[in-house]
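Participant: Just passing along the structure, written as structure tokens.
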Amino acid sequence: MKQRLMLQVLVVSLMLIWGASSASALGLGSYYERGWGDGEIDYDYYYDDDDNDNIDIDTDHRTRAIGFVLDTNVAKDSLFNYRLNIAFDKIEIDGLRPDSDYEADGFKMDHTFGFGVLRNEYVRLWVGPQINLSYYNEDNHYRPFNFDDDDLNMFGFGVGPAMGVNINVGPVVTFTITQGYKFTWLFGENFNDDFYGHESQYYINFGMLFRINDIYQQ
């Protein structure tokens, strides 16, 4: 199931990149992101003990991501831009189970739909909604029992507002700073126990883009 989902996500991402690259203007680059949040996890069958069914556990999350960014409108004097972020992500989770901390590797993909509220030759300030998809997997980091399966498989779907500023340096290079908030629904499996939950996260990222046929013109 994991491999099939990852393949589907990759195919969709490549289709989006191909569609965007056929446009007349484009920005391509990389970025680094940090995020901080907290949430709640609910285990349906916690240790298979009927007295402990549906236990809610408060969690704290921290993420570090590095990845690829594509933007359909970095510097042009037009209202709309679509931004695609695909990144390798490392998440630290405190409290996923009692007295346990986790570090898990994964990937995430952000789809952001921006609207330029300030546009000039040097700066583009934009705001808009964002949709996030993520997957994390952890194995052999914390294993109090002898399970053959992975310790953690976790999927996420998030939505929230984003705000960014693009700073144009010359005719080709743009530095970008993005920050935002997202609410994420989580579900997965931990030590063979199914869980679901949610997370609220604030994040900020820094990136550099190279513009292709993307210049400011009124």
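Ordered as shown in the structure tokens, chains take letters A, B, and onward, while each chain numbers its residues from 1 and ligands are numbered from 1 in the order shown.
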Counting only C-alpha atoms, what is within 6 Å of Tyr202 of chain A, bar same-chain residues fewer than 6 positions away, as a list in words?
Facilitator: Gly35, Trp36, Gly180 and Tyr181 of chain A
Participant: I'd like a table as a tab-separated table: residues in segment 29-142 of chain A with an atom no more than 10 Å from segment 163-171 of chain A, each row giving the shortest atom pair and its distance in Å to one decimal, only C-alpha atoms counted, sorted by chain and rising residue number.
Facilitator:
residue	atom	partner	partner_atom	distance
A:Val74	CA	A:Asn166	CA	6.7
A:Ala75	CA	A:Asn168	CA	7.2
A:Thr112	CA	A:Met163	CA	9.6
A:Gly114	CA	A:Met163	CA	8.0
A:Phe115	CA	A:Met163	CA	9.4
A:Gly116	CA	A:Val165	CA	9.3
A:Leu118	CA	A:Val165	CA	9.2
A:Arg119	CA	A:Asn166	CA	9.6
A:Asn120	CA	A:Asn168	CA	9.7
A:Glu121	CA	A:Asn168	CA	7.5
A:Tyr122	CA	A:Asn168	CA	5.0
A:Val123	CA	A:Ile167	CA	4.9
A:Arg124	CA	A:Asn166	CA	5.1
A:Leu125	CA	A:Val165	CA	4.5
A:Trp126	CA	A:Gly164	CA	5.4
A:Val127	CA	A:Met163	CA	4.4
A:Gly128	CA	A:Met163	CA	6.6
A:Pro129	CA	A:Met163	CA	8.7
A:Gln130	CA	A:Met163	CA	9.7
Participant: Using N, CA and C atoms, can you write the selected residues to a file as a CSV table (one decimal), in the first residue's frame?
Facilitator:
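As a result, result-v4.csv now contains:
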chain,number,residue,atom,x,y,z
A,74,VAL,N,6.8,34.2,-10.3
A,74,VAL,CA,7.7,34.7,-9.3
A,74,VAL,C,7.8,36.2,-9.3
A,75,ALA,N,7.9,36.8,-10.5
A,75,ALA,CA,8.1,38.2,-10.6
A,75,ALA,C,7.2,39.0,-11.5
A,112,THR,N,0.3,25.4,-3.1
A,112,THR,CA,-0.1,26.7,-2.7
A,112,THR,C,-0.7,27.6,-3.8
A,114,GLY,N,-1.4,31.3,-4.7
A,114,GLY,CA,-1.1,32.6,-4.2
A,114,GLY,C,-1.8,33.7,-5.0
A,115,PHE,N,-2.0,34.9,-4.3
A,115,PHE,CA,-2.5,36.1,-5.0
A,115,PHE,C,-1.7,37.3,-4.6
A,116,GLY,N,-1.1,37.9,-5.6
A,116,GLY,CA,-0.1,39.0,-5.3
A,116,GLY,C,-0.8,40.2,-4.9
A,118,LEU,N,1.0,42.8,-3.4
A,118,LEU,CA,1.9,43.9,-3.7
A,118,LEU,C,2.9,43.4,-4.7
A,119,ARG,N,3.0,44.2,-5.8
A,119,ARG,CA,3.8,43.7,-7.0
A,119,ARG,C,4.6,44.9,-7.5
A,120,ASN,N,5.9,44.8,-7.5
A,120,ASN,CA,6.7,45.8,-8.2
A,120,ASN,C,7.9,45.1,-8.8
A,121,GLU,N,8.9,45.8,-9.3
A,121,GLU,CA,10.0,45.3,-10.0
A,121,GLU,C,10.9,44.5,-9.0
A,122,TYR,N,10.9,44.8,-7.7
A,122,TYR,CA,11.8,44.2,-6.8
A,122,TYR,C,11.1,43.2,-5.8
A,123,VAL,N,9.8,43.3,-5.6
A,123,VAL,CA,9.2,42.6,-4.5
A,123,VAL,C,7.8,42.1,-5.0
A,124,ARG,N,7.5,40.9,-4.7
A,124,ARG,CA,6.1,40.4,-4.8
A,124,ARG,C,5.7,39.8,-3.5
A,125,LEU,N,4.6,40.4,-2.9
A,125,LEU,CA,4.1,39.9,-1.7
A,125,LEU,C,2.7,39.2,-2.0
A,126,TRP,N,2.6,37.9,-1.6
A,126,TRP,CA,1.4,37.2,-1.9
A,126,TRP,C,0.8,36.4,-0.7
A,127,VAL,N,-0.4,36.1,-0.8
A,127,VAL,CA,-1.1,35.4,0.2
A,127,VAL,C,-2.1,34.4,-0.5
A,128,GLY,N,-2.4,33.3,0.2
A,128,GLY,CA,-3.3,32.3,-0.4
A,128,GLY,C,-3.4,31.0,0.4
A,129,PRO,N,-4.3,30.1,0.0
A,129,PRO,CA,-4.5,28.9,0.7
A,129,PRO,C,-3.4,27.8,0.3
A,130,GLN,N,-3.2,26.9,1.2
A,130,GLN,CA,-2.3,25.8,0.9
A,130,GLN,C,-2.9,24.4,1.3
Participant: Taking 2 positions as the minimum chain separation for residues in the same chain, which residues sit within 12 Å of segment 64-68 of chain A when counting only C-alpha atoms? Answer as a PyMOL selection string.
Facilitator: chain A and resi 13+17+27-36+61-62+70-71+83-92+103-110+134+203-210
Participant: Go through A:Ala25, A:Val172, A:His111, A:Gly160 one by one, measure the shortest atom-to-atom distance of each to Thr72 of chain A using only C-alpha atoms, and give the residue with the smallest value.
Facilitator: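 Using only C-alpha atoms, Thr72 of chain A sits closest to A:Ala25.
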Participant: Considering only C-alpha atoms, can you say which of A:Val159, A:Leu26, A:Ile177, A:Ile41 comes closest to Leu133 of chain A?
Facilitator: A:Val159
Participant: For Phe183 of chain A, work out the shell of residues within 8 Å, counting only C-alpha atoms and skipping chain neighbours fewer than 3 positions away, then give it as a VMD selection string.
Facilitator: chain A and resid 158 to 160 198 to 201
Participant: Between A:Thr178, A:Asn192, A:Thr63, A:Thr184, which has the minimum distance to Ala162 of chain A (counting only C-alpha atoms)?
Facilitator: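 The shortest atom-to-atom distance to Ala162 of chain A comes from A:Thr178.
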